[in-house]
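These notes are about the structure you will find just below.
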Amino acid sequence: MLVAPSSDHLCRSSLLLTRGRFATRMLAMTAAALLAASPVRAQDAGTGFDGLAAQAAAARDQGNLSRAIELYGKAEELKPEWTEGWWNIGLMQYSANQYAPAIEAFNHLLAIEPHTAPAMAVRGLCEFETGGFDDSLRDLEQAVAHGAANDAQHGPILRYHLGILLTRAGRYIDAMAQYKVLAGKHVEMAELPLAIGMAGMRVKGLPGDVMEQDRPLYEAAGKAASALLDDNSKGADTAFRELFARYPETRSLHYFYGMLLFPHDRGMAVEQFEREVALDPSNELATALLAFTLMYVGRYREAVPVAERAVAASPGMELAQLALGRSLIETGQEQRGMELLNQVLEHNPESLEAHVGLAAAYARAGRKEDAYRERMVCLGLAG
């Protein structure tokens with residue numbers, strides 16, 4: 001059974017949050033902190049398992065990592081299911097920048113204890129360092145979901161890496177969710193504003209991929225966004241207005257601000273989406289968001305033609321279908337509206353917006369039982 005490392009075990013030393021570029025040791029835990037002892041008590045001093053385990057722990061505590069790794073390896077040969085040994089081997093190899101062997105050690109550990117979040121977290125960081133970005137995303141996402149990022153010291157490192165991997169995968173909203181946590185905790189990292197700007201402006205890639213001439217834009221956008229993510233709406237408004245003045249023709253800036261505003265002020269979000277669409281009429285997502293936001297604030301007749309354009313440009317986009325379906329229902333075109341919402345439910349049966357729209361449509365049509373059923377579904381989804 002793995003002796004799961006406590007946050008104290010994993011993070012006793014401070015994290016060097018501003019060290020280098022994205023691929024440097026953002027989790028710069030010192031060897032002493034990484035190797036804080038999991039207690040091993042020898043029952044003999046020979047070359048049996050207990051003796052090797054005790055010698056390995058002593059070498060580790062003395063900072064003789066190569067000797068400790070060797071001894072832990074010999075102990076594992078005698079007892080391959082010893083998860084504590086694999087944990088220590090993986091941590092020592094990580095601290096020595098031996099990422100590929102560390103991954104192998106954590107593979108052994110996780111084969112025995114598959115849901116050990118700290119091991120998934122450190123393996124994910126090792127995979128990041130070796131360029132195994134898809135594997136790293138898988139591990140870090142699972143580790144964070146299982147609570148590995150709850151510690152105040154090493155949590156920001158995991159969330160930062162997860163955020164940039166989500167951006168690389170084109171999952172921009174998920175990336176922004178990680179950055180919102182960091183902004184709320186006032187975390188400072190050298191490249192965090194750049195990473196936030198990239199996610200918000202939907203720039204697919206890693207911070208190290210950004211050309212030097214583009215960095216000031218994304219960094220400024222990230223700093224402006226951080227203010228709003230931290231509920232400083234006045235500071236964010238000032239910063240974004242300065243950005244719009246400096247980059248009047250730059251696409252995705254108004255989209256970014258609109259997305260940030262949507263949870264707080266949908267009227268202002270409409271204005272930003274309108275400006276984005278005016279700058280870039282081919283932006284299908286911004287068009288769909290404009291239609292959806294107009295629908296959300298009750299401006300159904302204005303929403304219909306915008307949503308029609310969005311659906312024509314991208315027939316399968318759920319957001320566009322929802323905006324058009326619900327707006328049609330609210331403007332007296334229930335039949336087509338219901339058809340669109342049922343199309344949404346074919347692909348996403350748990351779409352609350354679709355069920356809300358259908359409940360309204362059935363109520364208008366006098367179909368009381370159907371309306372009641374949809375309302376019950378809505379209550380279940382909202383709960």
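Chain lettering (A, B, ...) mirrors the order of the structure tokens, residue numbering begins at 1 for each chain separately, and ligand numbering begins at 1 in order of display.
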
Polymer residues at most 10 Å from Arg364 (chain A), only C-alpha atoms, same-chain spacing of 3 or more positions, as a list in words:
Ile329, Glu330, Gly332, Glu334, Leu358, Ala359, Ala360, Ala361, Arg367, Lys368 and Ala371 of chain A

What would the file look like if the residues just selected were written as an mmCIF file, in the first residue's frame with N, CA and C atoms?
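File result-v2.cif, as written:
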```cif
data_model
loop_
_atom_site.group_PDB
_atom_site.id
_atom_site.type_symbol
_atom_site.label_atom_id
_atom_site.label_comp_id
_atom_site.auth_asym_id
_atom_site.auth_seq_id
_atom_site.Cartn_x
_atom_site.Cartn_y
_atom_site.Cartn_z
ATOM 1 N N ILE A 329 -38.418 30.051 -30.899
ATOM 2 C CA ILE A 329 -39.550 29.714 -30.025
ATOM 3 C C ILE A 329 -40.131 30.974 -29.403
ATOM 4 N N GLU A 330 -39.247 31.874 -28.973
ATOM 5 C CA GLU A 330 -39.717 33.099 -28.308
ATOM 6 C C GLU A 330 -40.301 34.115 -29.282
ATOM 7 N N GLY A 332 -42.343 33.070 -31.838
ATOM 8 C CA GLY A 332 -43.519 32.477 -32.443
ATOM 9 C C GLY A 332 -43.260 31.405 -33.474
ATOM 10 N N GLU A 334 -42.335 28.140 -33.124
ATOM 11 C CA GLU A 334 -42.058 27.044 -32.203
ATOM 12 C C GLU A 334 -41.603 25.766 -32.904
ATOM 13 N N LEU A 358 -37.372 23.822 -24.779
ATOM 14 C CA LEU A 358 -38.469 22.915 -25.089
ATOM 15 C C LEU A 358 -39.599 23.053 -24.083
ATOM 16 N N ALA A 359 -39.276 23.242 -22.820
ATOM 17 C CA ALA A 359 -40.329 23.451 -21.814
ATOM 18 C C ALA A 359 -41.167 24.670 -22.165
ATOM 19 N N ALA A 360 -40.505 25.743 -22.592
ATOM 20 C CA ALA A 360 -41.229 26.949 -22.987
ATOM 21 C C ALA A 360 -42.091 26.699 -24.217
ATOM 22 N N ALA A 361 -41.542 25.958 -25.186
ATOM 23 C CA ALA A 361 -42.285 25.685 -26.421
ATOM 24 C C ALA A 361 -43.508 24.821 -26.138
ATOM 25 N N ARG A 367 -49.098 21.825 -24.371
ATOM 26 C CA ARG A 367 -48.726 20.432 -24.097
ATOM 27 C C ARG A 367 -48.189 20.345 -22.661
ATOM 28 N N LYS A 368 -49.138 20.325 -21.724
ATOM 29 C CA LYS A 368 -48.790 20.490 -20.316
ATOM 30 C C LYS A 368 -47.903 19.353 -19.795
ATOM 31 N N ALA A 371 -44.423 19.757 -21.158
ATOM 32 C CA ALA A 371 -43.775 20.903 -20.514
ATOM 33 C C ALA A 371 -43.333 20.539 -19.096
#
```

Compile the contact shell of Val277 (chain A) as a ChimeraX atom specification: residues with an atom at most 9 Å away, counting only C-alpha atoms, same-chain residues fewer than 3 positions apart removed.
/A:254-255,272-274,280-284,286-287,290

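Residues in contact range of region 293-296 of chain A, defined as at most 8 Å between only C-alpha atoms, with sequence neighbours fewer than 3 positions away removed, read Phe262, Arg266, Ala269, Val270, Leu289, Leu290, Arg299, Tyr300, Glu302, Ala303, Ala323, Arg326 and Ser327 of chain A.
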
Excluding same-chain residues fewer than 3 positions from region 78-94 of chain A, what lies within 6 Å of it counting only C-alpha atoms, as a ChimeraX atom specification?
/A:2,69,72,75,97-99,102,105-106,109

Since we have the selection now, will you write its residues out, keeping N, CA and C atoms, as a short mmCIF file (atom, residue, chain, number, x, y, z; two decimals), in the first residue's frame?
```cif
data_model
loop_
_atom_site.label_atom_id
_atom_site.label_comp_id
_atom_site.auth_asym_id
_atom_site.auth_seq_id
_atom_site.Cartn_x
_atom_site.Cartn_y
_atom_site.Cartn_z
N LEU A 2 0.62 2.16 -0.87
CA LEU A 2 1.44 3.37 -0.96
C LEU A 2 1.21 4.27 0.23
N ILE A 69 19.08 5.52 -5.37
CA ILE A 69 18.31 4.95 -6.48
C ILE A 69 18.73 3.51 -6.73
N TYR A 72 17.32 1.37 -3.80
CA TYR A 72 15.87 1.21 -3.93
C TYR A 72 15.56 0.23 -5.08
N ALA A 75 16.04 -3.22 -3.87
CA ALA A 75 14.93 -3.60 -2.99
C ALA A 75 13.69 -3.94 -3.82
N ASN A 97 16.63 15.47 -12.78
CA ASN A 97 16.33 15.73 -14.20
C ASN A 97 16.39 14.48 -15.06
N GLN A 98 16.24 13.33 -14.44
CA GLN A 98 16.22 12.06 -15.18
C GLN A 98 14.75 11.69 -15.43
N TYR A 99 14.15 12.40 -16.37
CA TYR A 99 12.70 12.35 -16.50
C TYR A 99 12.19 11.01 -17.06
N ALA A 102 12.27 8.42 -14.41
CA ALA A 102 11.26 8.75 -13.41
C ALA A 102 9.88 8.32 -13.88
N ALA A 105 9.46 4.69 -13.30
CA ALA A 105 9.21 4.37 -11.89
C ALA A 105 7.76 4.64 -11.52
N PHE A 106 7.25 5.78 -11.96
CA PHE A 106 5.86 6.10 -11.65
C PHE A 106 4.90 5.17 -12.40
N LEU A 109 4.54 2.29 -10.11
CA LEU A 109 3.73 2.64 -8.95
C LEU A 109 2.25 2.70 -9.32
#
```
